[in-house]
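Asks: What follows is structure.txt, made up of compact mmCIF, C-alpha atoms and all ligand atoms:
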```
# COMPACT_ATOMS: atom_id res chain seq x y z
CA MET R 12 91.31 90.46 109.97
CA THR R 13 93.43 93.16 111.50
CA THR R 14 95.53 95.11 109.05
CA THR R 15 99.31 95.34 109.10
CA ILE R 16 99.39 98.25 106.64
CA PRO R 17 99.64 101.76 108.14
CA ARG R 18 97.32 104.35 106.61
CA GLU R 19 97.85 108.13 106.57
CA GLN R 20 101.14 107.44 104.80
CA TRP R 21 102.93 108.13 101.54
CA TYR R 22 103.85 105.05 99.50
CA VAL R 23 105.83 104.69 96.29
CA ALA R 24 103.30 103.73 93.64
CA ALA R 25 105.56 103.62 90.58
CA TYR R 26 108.72 104.80 88.93
CA GLY R 27 108.03 108.12 87.20
CA VAL R 28 108.90 106.61 83.81
CA GLU R 29 106.24 103.93 84.23
CA ILE R 30 103.40 106.42 84.04
CA ARG R 31 102.74 107.90 80.61
CA ASP R 32 99.69 109.38 78.90
CA GLU R 33 97.79 106.12 79.07
CA LEU R 34 95.82 104.28 81.74
CA PHE R 35 97.97 102.45 84.26
CA HIS R 36 96.77 100.31 87.15
CA ARG R 37 98.40 99.27 90.40
CA THR R 38 97.00 98.10 93.73
CA ILE R 39 98.55 99.98 96.64
CA ALA R 40 97.75 99.14 100.27
CA GLY R 41 94.72 97.16 99.14
CA GLU R 42 93.33 100.02 97.03
CA SER R 43 92.92 99.54 93.31
CA ILE R 44 94.20 102.75 91.72
CA LEU R 45 94.19 104.13 88.18
CA PHE R 46 97.03 106.45 87.15
CA TRP R 47 97.94 108.46 84.10
CA ARG R 48 100.08 111.42 83.14
CA THR R 49 97.93 114.37 82.13
CA ALA R 50 98.55 116.65 79.13
CA GLU R 51 100.23 119.03 81.60
CA GLY R 52 102.72 116.32 82.54
CA THR R 53 101.56 115.69 86.10
CA VAL R 54 100.55 112.29 87.39
CA THR R 55 96.95 111.90 88.47
CA ALA R 56 95.44 109.02 90.45
CA VAL R 57 91.82 108.01 90.99
CA SER R 58 89.98 104.92 92.11
CA ASP R 59 90.00 102.17 89.47
CA ARG R 60 86.29 101.39 90.01
CA CYS R 61 83.57 103.05 87.99
CA VAL R 62 80.94 104.47 90.35
CA HIS R 63 78.19 102.98 88.17
CA ARG R 64 78.69 99.21 88.27
CA ARG R 65 82.28 99.08 89.52
CA PHE R 66 83.80 98.18 86.17
CA PRO R 67 87.62 98.50 86.49
CA LEU R 68 88.52 101.60 84.53
CA SER R 69 91.96 100.21 83.70
CA GLN R 70 90.16 97.52 81.72
CA ALA R 71 89.65 97.77 77.93
CA PRO R 72 87.62 99.05 76.23
CA THR R 73 87.81 101.93 78.72
CA ARG R 74 89.62 104.79 76.98
CA LEU R 75 91.52 107.92 77.88
CA VAL R 76 90.57 110.82 75.59
CA ASP R 77 91.82 114.38 76.29
CA ASP R 78 92.37 113.59 79.98
CA GLN R 79 88.86 112.17 80.30
CA VAL R 80 88.33 108.54 81.18
CA ILE R 81 85.39 106.96 79.36
CA CYS R 82 84.24 103.80 81.11
CA GLY R 83 84.31 100.85 78.72
CA TYR R 84 81.08 99.37 80.08
CA HIS R 85 78.37 102.08 79.76
CA GLY R 86 80.32 105.27 79.12
CA PHE R 87 80.39 107.19 82.42
CA THR R 88 83.05 109.85 81.77
CA TYR R 89 85.46 111.29 84.36
CA GLY R 90 87.94 114.17 84.48
CA SER R 91 91.43 113.91 85.94
CA ASP R 92 90.10 115.08 89.32
CA GLY R 93 87.74 112.08 89.38
CA ARG R 94 84.60 114.13 88.88
CA CYS R 95 82.03 112.57 86.55
CA THR R 96 81.33 114.86 83.60
CA ALA R 97 78.88 112.81 81.56
CA VAL R 98 76.58 109.80 81.91
CA PRO R 99 74.66 108.04 79.15
CA GLY R 100 70.98 108.67 78.44
CA GLN R 101 70.46 111.78 80.60
CA THR R 102 71.91 115.25 80.92
CA ARG R 103 71.87 115.41 84.72
CA VAL R 104 75.03 113.97 86.27
CA PRO R 105 74.35 112.69 89.80
CA ARG R 106 76.05 114.88 92.39
CA THR R 107 77.77 111.94 94.06
CA ALA R 108 79.22 110.59 90.81
CA ARG R 109 82.87 111.03 91.66
CA LEU R 110 85.87 108.75 91.82
CA THR R 111 88.06 108.92 94.90
CA SER R 112 91.06 111.02 93.98
CA TYR R 113 94.49 110.40 95.53
CA PRO R 114 97.15 113.00 96.42
CA ILE R 115 100.26 112.39 94.32
CA ARG R 116 103.79 113.75 94.60
CA GLU R 117 106.62 113.07 92.19
CA GLN R 118 110.02 113.28 93.84
CA ASP R 119 113.47 111.74 93.26
CA SER R 120 112.16 109.95 90.13
CA LEU R 121 109.47 108.18 92.18
CA VAL R 122 105.70 108.62 92.15
CA TRP R 123 104.35 108.73 95.70
CA VAL R 124 100.68 108.21 96.49
CA TRP R 125 98.96 109.17 99.74
CA ILE R 126 96.88 106.44 101.36
CA GLY R 127 94.49 107.89 103.92
CA ASP R 128 92.69 111.14 104.61
CA PRO R 129 93.77 113.53 101.81
CA ALA R 130 93.62 116.49 104.18
CA ARG R 131 96.63 115.13 106.05
CA ALA R 132 98.86 114.55 103.01
CA ALA R 133 100.35 118.02 102.64
CA ASP R 134 101.69 118.14 106.21
CA THR R 135 103.38 114.77 106.01
CA PRO R 136 106.88 114.97 104.58
CA ILE R 137 108.10 112.40 102.09
CA PRO R 138 111.55 110.96 102.79
CA ARG R 139 114.21 111.74 100.20
CA ALA R 140 116.46 109.65 97.98
CA PRO R 141 118.19 112.38 95.95
CA TRP R 142 120.76 110.09 94.23
CA LEU R 143 118.00 108.66 92.08
CA ASP R 144 117.61 111.91 90.18
CA ASP R 145 121.13 113.34 90.12
CA PRO R 146 123.52 113.33 87.14
CA ALA R 147 126.43 112.61 89.49
CA TRP R 148 124.99 109.15 90.04
CA THR R 149 124.04 106.30 87.72
CA VAL R 150 121.04 104.20 88.66
CA VAL R 151 119.90 100.68 87.80
CA ARG R 152 116.57 99.47 89.11
CA GLY R 153 113.79 96.96 88.97
CA LEU R 154 110.50 95.89 90.50
CA GLU R 155 109.84 92.39 91.74
CA PRO R 156 106.45 91.10 92.79
CA LEU R 157 106.65 89.57 96.25
CA ALA R 158 103.95 87.17 97.48
CA ALA R 159 104.63 88.06 101.10
CA ARG R 160 103.46 90.71 103.54
CA PHE R 161 105.66 93.82 103.47
CA GLY R 162 106.75 93.34 107.10
CA LEU R 163 108.74 90.29 106.05
CA LEU R 164 110.72 92.39 103.58
CA VAL R 165 111.30 95.00 106.30
CA ASP R 166 112.69 92.29 108.61
CA ASN R 167 114.85 91.01 105.77
CA LEU R 168 116.37 94.36 104.84
CA LEU R 169 116.98 95.51 108.40
CA ASP R 170 119.14 92.47 109.11
CA LEU R 171 121.82 92.10 106.46
CA SER R 172 123.57 89.25 108.27
CA HIS R 173 121.40 87.07 106.03
CA GLU R 174 123.64 88.12 103.10
CA THR R 175 126.28 85.64 104.26
CA TYR R 176 123.86 82.72 103.97
CA LEU R 177 121.10 83.60 101.53
CA HIS R 178 123.41 85.56 99.19
CA GLY R 179 126.70 83.72 99.74
CA GLY R 180 128.85 84.00 96.62
CA SER R 181 127.49 87.35 95.44
CA ILE R 182 127.18 90.05 98.13
CA GLY R 183 127.50 87.80 101.17
CA THR R 184 130.92 87.16 102.65
CA PRO R 185 131.68 85.72 106.12
CA GLU R 186 132.39 89.18 107.59
CA VAL R 187 128.81 90.40 107.18
CA ALA R 188 127.33 87.90 109.60
CA GLY R 189 130.51 88.02 111.68
CA THR R 190 130.52 91.77 112.37
CA PRO R 191 128.25 93.17 115.07
CA ILE R 192 125.86 96.02 114.31
CA THR R 193 124.97 99.23 116.05
CA THR R 194 121.35 100.31 116.05
CA GLU R 195 119.95 103.75 116.75
CA VAL R 196 116.34 104.84 116.65
CA ASP R 197 115.32 108.44 116.11
CA ASP R 198 111.86 108.23 117.61
CA GLU R 199 110.92 111.78 116.80
CA ALA R 200 111.88 111.62 113.13
CA GLY R 201 110.69 108.01 112.97
CA VAL R 202 113.91 106.61 111.49
CA VAL R 203 115.85 103.44 112.28
CA HIS R 204 119.62 103.46 111.71
CA VAL R 205 121.60 100.23 111.58
CA SER R 206 125.34 100.29 110.93
CA ARG R 207 127.85 97.60 110.24
CA HIS R 208 131.41 98.68 109.51
CA MET R 209 133.69 95.93 108.26
CA ASP R 210 137.20 97.33 108.22
CA ASP R 211 138.99 94.34 106.75
CA ALA R 212 136.67 92.23 104.66
CA GLU R 213 136.64 90.07 101.60
CA CYS R 214 135.54 91.96 98.49
CA PRO R 215 132.42 90.26 97.14
CA PRO R 216 132.23 89.78 93.34
CA PHE R 217 129.38 92.31 93.21
CA TYR R 218 131.85 95.03 94.18
CA ALA R 219 135.09 93.55 92.80
CA ARG R 220 133.71 93.48 89.26
CA SER R 221 132.11 96.91 89.45
CA THR R 222 134.84 98.88 91.27
CA GLY R 223 137.98 97.05 90.21
CA LEU R 224 139.07 96.77 93.87
CA ARG R 225 140.84 93.52 94.65
CA GLY R 226 141.75 91.72 97.84
CA ARG R 227 140.65 92.97 101.24
CA ILE R 228 138.45 96.03 101.54
CA SER R 229 136.82 98.29 104.04
CA ARG R 230 133.07 97.80 103.64
CA TRP R 231 130.54 99.92 105.45
CA GLN R 232 126.80 99.38 105.45
CA ASP R 233 124.71 102.16 106.96
CA ILE R 234 120.99 101.57 106.85
CA GLU R 235 118.41 104.31 107.23
CA TYR R 236 114.82 103.09 107.24
CA THR R 237 111.88 105.49 107.33
CA PRO R 238 108.79 103.36 107.88
CA PRO R 239 106.73 102.33 106.20
CA CYS R 240 108.10 102.69 102.70
CA LEU R 241 111.62 104.01 102.20
CA TYR R 242 114.76 102.02 102.94
CA LEU R 243 118.24 103.33 102.19
CA LEU R 244 121.48 101.39 102.42
CA HIS R 245 124.48 103.70 102.23
CA SER R 246 127.23 101.37 101.13
CA ARG R 247 130.90 102.45 101.16
CA ILE R 248 133.63 100.32 99.65
CA ALA R 249 137.27 101.39 99.97
CA PRO R 250 140.80 100.04 100.28
CA VAL R 251 141.53 98.79 103.81
CA GLY R 252 142.54 101.66 106.10
CA SER R 253 140.97 104.43 104.01
CA VAL R 254 138.48 106.66 105.79
CA PRO R 255 136.59 109.79 104.72
CA ARG R 256 138.59 113.06 105.01
CA PRO R 257 137.86 115.50 107.82
CA ASP R 258 136.21 117.87 105.31
CA GLY R 259 133.65 115.19 104.49
CA THR R 260 135.00 114.26 101.07
CA ASP R 261 135.83 110.64 100.43
CA PRO R 262 137.83 110.40 97.20
CA ASP R 263 139.32 106.92 97.75
CA ALA R 264 135.99 105.20 98.26
CA PHE R 265 133.25 103.93 95.99
CA HIS R 266 129.73 104.75 97.11
CA VAL R 267 126.62 102.78 96.34
CA GLU R 268 123.20 103.91 97.50
CA VAL R 269 120.86 100.96 97.55
CA VAL R 270 117.26 102.12 97.77
CA TYR R 271 114.18 100.01 98.35
CA ALA R 272 110.63 101.24 98.25
CA ILE R 273 108.64 98.70 100.23
CA THR R 274 105.06 99.15 99.13
CA PRO R 275 102.34 96.84 100.37
CA GLU R 276 100.09 95.69 97.55
CA THR R 277 97.69 93.71 99.74
CA GLU R 278 97.95 92.26 103.26
CA HIS R 279 99.93 89.37 101.78
CA SER R 280 101.80 90.81 98.81
CA THR R 281 104.29 93.58 98.21
CA HIS R 282 105.79 95.69 95.42
CA ASP R 283 109.54 95.32 95.89
CA PHE R 284 111.03 98.37 94.13
CA TRP R 285 114.84 98.19 94.16
CA MET R 286 117.37 100.72 92.94
CA VAL R 287 121.16 100.78 92.98
CA ALA R 288 122.83 104.19 92.52
CA ARG R 289 126.63 104.52 92.18
CA ASP R 290 129.06 107.42 92.00
CA PHE R 291 131.66 105.67 89.84
CA ALA R 292 131.89 104.19 86.32
CA LEU R 293 128.99 106.49 85.53
CA ASP R 294 128.89 105.86 81.79
CA ASP R 295 130.03 102.25 81.85
CA ALA R 296 127.14 100.27 80.36
CA GLU R 297 128.85 97.00 81.23
CA VAL R 298 129.01 97.90 84.92
CA SER R 299 125.35 98.95 84.76
CA ALA R 300 124.32 95.68 83.15
CA PHE R 301 126.37 93.67 85.65
CA LEU R 302 125.00 95.48 88.71
CA ALA R 303 121.43 95.25 87.40
CA GLU R 304 121.71 91.53 86.76
CA GLN R 305 123.52 90.79 90.03
CA ASN R 306 121.17 92.84 92.15
CA ARG R 307 118.13 91.37 90.50
CA ALA R 308 119.49 87.89 91.30
CA VAL R 309 119.97 88.93 94.94
CA VAL R 310 116.45 90.35 95.12
CA ARG R 311 115.10 87.15 93.58
CA GLN R 312 116.83 85.08 96.28
CA ASP R 313 115.06 87.17 98.92
CA VAL R 314 111.75 86.89 97.07
CA VAL R 315 111.94 83.09 96.89
CA ALA R 316 112.75 82.86 100.60
CA LEU R 317 110.08 85.35 101.69
CA ASP R 318 107.39 83.78 99.48
CA VAL R 319 107.99 80.53 101.36
CA LEU R 320 108.10 82.29 104.71
CA GLU R 321 104.75 83.99 104.00
CA THR R 322 103.02 80.63 103.57
CA VAL R 323 104.52 79.53 106.89
CA VAL R 324 103.57 82.70 108.75
CA ALA R 325 100.08 82.66 107.26
CA THR R 326 99.37 79.06 108.26
CA ASP R 327 101.28 78.61 111.53
CA PRO R 328 99.10 78.69 114.63
CA GLU R 329 98.39 82.06 116.19
CA GLY R 330 101.10 83.06 118.64
CA ALA R 331 103.85 80.84 117.16
CA GLN R 332 107.11 81.93 118.75
CA GLU R 333 110.18 83.61 117.26
CA LEU R 334 113.48 84.04 119.03
CA SER R 335 115.34 87.30 118.55
CA ILE R 336 119.06 87.99 119.04
CA ASN R 337 121.39 90.97 118.64
CA ILE R 338 121.16 91.02 114.83
CA ASP R 339 117.42 91.66 115.13
CA THR R 340 117.60 94.98 117.00
CA GLY R 341 117.03 96.99 113.81
CA GLY R 342 114.13 94.83 112.69
CA LEU R 343 112.50 94.99 116.12
CA ALA R 344 112.87 98.79 116.19
CA ALA R 345 111.25 98.95 112.75
CA ARG R 346 108.36 96.79 113.94
CA ARG R 347 107.87 99.11 116.89
CA LEU R 348 107.70 102.21 114.66
CA LEU R 349 105.34 100.43 112.26
CA ALA R 350 103.09 99.43 115.16
CA ARG R 351 103.03 103.07 116.29
CA GLN R 352 102.02 104.17 112.78
CA LEU R 353 99.31 101.50 112.67
CA GLY R 354 97.91 102.78 115.96
CA ALA R 355 98.04 106.40 114.82
CA GLY R 356 96.40 105.59 111.47
CA ALA R 357 93.59 103.66 113.11
CA GLY R 358 92.92 106.51 115.53
CA GLY R 359 93.11 109.18 112.85
CA VAL R 360 90.23 110.96 111.18
CA ARG R 361 89.03 108.94 108.23
S1 LIG I 401 80.19 100.36 84.99
FE1 LIG I 401 81.10 102.14 84.19
S2 LIG I 401 79.56 103.06 83.09
FE2 LIG I 401 78.60 101.32 83.87
FE FE I 402 118.68 89.90 100.90
```
Could you show the structure in this file as structure tokens?
Replies:
Amino acid sequence: MTTTIPREQWYVAAYGVEIRDELFHRTIAGESILFWRTAEGTVTAVSDRCVHRRFPLSQAPTRLVDDQVICGYHGFTYGSDGRCTAVPGQTRVPRTARLTSYPIREQDSLVWVWIGDPARAADTPIPRAPWLDDPAWTVVRGLEPLAARFGLLVDNLLDLSHETYLHGGSIGTPEVAGTPITTEVDDEAGVVHVSRHMDDAECPPFYARSTGLRGRISRWQDIEYTPPCLYLLHSRIAPVGSVPRPDGTDPDAFHVEVVYAITPETEHSTHDFWMVARDFALDDAEVSAFLAEQNRAVVRQDVVALDVLETVVATDPEGAQELSINIDTGGLAARRLLARQLGAGAGGVR
């Protein structure tokens, strides 16, 4: 089967808080990876398969002792760099006894893992989401398992007109589907921008309850997608007629940064990391609880729809047709950049 997952890429593997000084497993881009936080506080990642008989090292009774992993099957022991330091019944450790070790970077409260040739990791920048780790913003977040290929979530997030139908009653109002978008692609930086500015729109409950705004609002959605993994939705909610000041400040508006990390788990499943950062009601636990619950419900609606769509896409005959219209320009641009990354990864040194 041909892959749809680009290699030679950084992917979000976990929230920083998920990884503590104990063994943690997650499959990323088809690779089964073992993580832990070392005594020094940095995250380390190695293959989750013992080199001896492939026992999964995340599986009890494997243990982590002083940053050494002791395989729970026959006791092969590994350091945090993946190198085997001891084997049972002999003093000589085979030279090739080494777990694959993965480059890791922790940034903006996220743990990023490099999938591909480690030599290329350092030169490949990781896109930023600074609101996630900034006291001027409050963040709620979650992680939903998605039984669909990650490309379906990319399609979904690049075309928010679906909010009106799939999320009617929460974030979807008629103006979303009714307002045309503008799409721009920065080919060099590899970023897709999709904007929809609704200057006189209904205020959905999601924002009415959290901001206190009532009646008609100005609602801007500016998407910035850096394939394959990071999706940002800069959302601006303000009274009708209000625009940012010439100096760049925007005191009358409420800003919400919706961040998704779209991480393929396998060819047909995805880790759907979602985060909602806001610059208002920072200490209001009720607003946090409401936004977390509402956003999770919205994500679940997408998950249910995409799980169904995956079974259709996976079983429909090869070459089954789609029909694209204006709302799909962002999604098509994203597919083009992903295809370019797939080509580059396949041609790269492995
Ligand atoms: S499978 Fe790990 S030591 Fe044998
Ligand atoms: Fe959605």
Asks: Within 12 Å of segment 345-352 of chain R, counting all atoms listed in the file, which residues qualify if same-chain residues fewer than 4 places away don't, as a ChimeraX atom specification?
Replies: /R:14-21,161-170,194-205,234-242,339-341,356-359
Asks: So, with only C-alpha atoms as the atoms that count, which of R:Gly93, R:Gly41, R:Gly27, R:Pro191 lies closest to Thr281 of chain R?
Replies: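 Counting only C-alpha atoms, the residue closest to Thr281 of chain R is R:Gly41.
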Asks: Residues near Gly183 of chain R, anyone? I mean within 12 Å using all atoms listed in the file, not counting same-chain ones fewer than 6 positions away, as a PDB file with C-alpha atoms, in the coordinates of the input.
Replies:
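Ended up saving to part-v7.pdb:
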```pdb
ATOM      1  CA  LEU R 171     121.820  92.100 106.460  1.00  0.00           C
ATOM      2  CA  SER R 172     123.570  89.250 108.270  1.00  0.00           C
ATOM      3  CA  HIS R 173     121.400  87.070 106.030  1.00  0.00           C
ATOM      4  CA  GLU R 174     123.640  88.120 103.100  1.00  0.00           C
ATOM      5  CA  THR R 175     126.280  85.640 104.260  1.00  0.00           C
ATOM      6  CA  TYR R 176     123.860  82.720 103.970  1.00  0.00           C
ATOM      7  CA  LEU R 177     121.100  83.600 101.530  1.00  0.00           C
ATOM      8  CA  GLY R 189     130.510  88.020 111.680  1.00  0.00           C
ATOM      9  CA  ALA R 212     136.670  92.230 104.660  1.00  0.00           C
ATOM     10  CA  GLU R 213     136.640  90.070 101.600  1.00  0.00           C
ATOM     11  CA  CYS R 214     135.540  91.960  98.490  1.00  0.00           C
ATOM     12  CA  PRO R 215     132.420  90.260  97.140  1.00  0.00           C
ATOM     13  CA  PRO R 216     132.230  89.780  93.340  1.00  0.00           C
ATOM     14  CA  PHE R 217     129.380  92.310  93.210  1.00  0.00           C
ATOM     15  CA  TYR R 218     131.850  95.030  94.180  1.00  0.00           C
ATOM     16  CA  ARG R 230     133.070  97.800 103.640  1.00  0.00           C
ATOM     17  CA  VAL R 309     119.970  88.930  94.940  1.00  0.00           C
TER      18      VAL R 309
END
```
Asks: Ranking R:Tyr26, R:Trp142, R:Trp285, R:Phe291 by minimum distance to Ile248 of chain R and counting only C-alpha atoms, which one comes first?
Replies: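 Ranking R:Tyr26, R:Trp142, R:Trp285, R:Phe291 by distance to Ile248 of chain R, first place goes to R:Phe291.
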Asks: Give the answer as one residue: which of R:Asp77, R:Glu42, R:Glu186, R:Glu155 has the shortest atom-to-atom distance to His208 of chain R, using all atoms listed in the file?
Replies: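 Looking at the shortest contact to His208 of chain R, the residue is R:Glu186.
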Asks: Between R:Val269, R:Val28, R:Ile336, R:Leu121, single out the one closest to ligand FE 402 (chain I), counting all atoms listed in the file.
Replies: R:Val269
Asks: Write as a compact mmCIF listing (two decimals) with C-alpha atoms, keeping the file's coordinate frame the residues around ligand LIG 401 (chain I), taking 7 Å as the cut-off and counting all atoms listed in the file.
Replies:
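For reference, result.txt as written:
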```
# COMPACT_ATOMS: atom_id res chain seq x y z
CA CYS R 61 83.57 103.05 87.99
CA VAL R 62 80.94 104.47 90.35
CA HIS R 63 78.19 102.98 88.17
CA ARG R 64 78.69 99.21 88.27
CA ARG R 65 82.28 99.08 89.52
CA PHE R 66 83.80 98.18 86.17
CA CYS R 82 84.24 103.80 81.11
CA GLY R 83 84.31 100.85 78.72
CA TYR R 84 81.08 99.37 80.08
CA HIS R 85 78.37 102.08 79.76
CA GLY R 86 80.32 105.27 79.12
CA PHE R 87 80.39 107.19 82.42
```
Asks: Using Å and a single decimal, report how far atom CA of Asp313 of chain R sits from atom CA of Ser246 of chain R.
Replies: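 Separation of atom CA of Ser246 of chain R and atom CA of Asp313 of chain R: 18.8 Å.
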Asks: May I ask for the distance between atom CA of Val287 of chain R and atom CA of Ala188 of chain R, given in Å to one decimal place?
Replies: 21.9 Å
Asks: Could you check how far atom CA of Asp318 of chain R sits from atom CA of Leu157 of chain R, in Å to one decimal?
Replies: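 Interatomic distance, atom CA of Asp318 of chain R to atom CA of Leu157 of chain R: 6.7 Å.
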Asks: Restricting the calculation to only C-alpha atoms and all ligand atoms, which member of R:Val323, R:Val187, R:Leu343, R:Leu45 is positioned closest to ligand FE 402 (chain I)?
Replies: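 Going through R:Val323, R:Val187, R:Leu343, R:Leu45 one by one, the smallest distance to ligand FE 402 (chain I) is for R:Val187.
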Asks: List the neighbours of segment 209-211 of chain R out to 6 Å using only C-alpha atoms; skip same-chain residues closer than 2 positions along the sequence, and give me the result as an MDAnalysis selection string.
Replies: chainID R and resid 227:231 251
Asks: For ligand FE 402 (chain I), which of R:Asp233, R:Asp32, R:Asp144, R:Asp283 is the closest residue, counting all atoms listed in the file?
Replies: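 Closest to ligand FE 402 (chain I), using all atoms listed in the file: R:Asp283.
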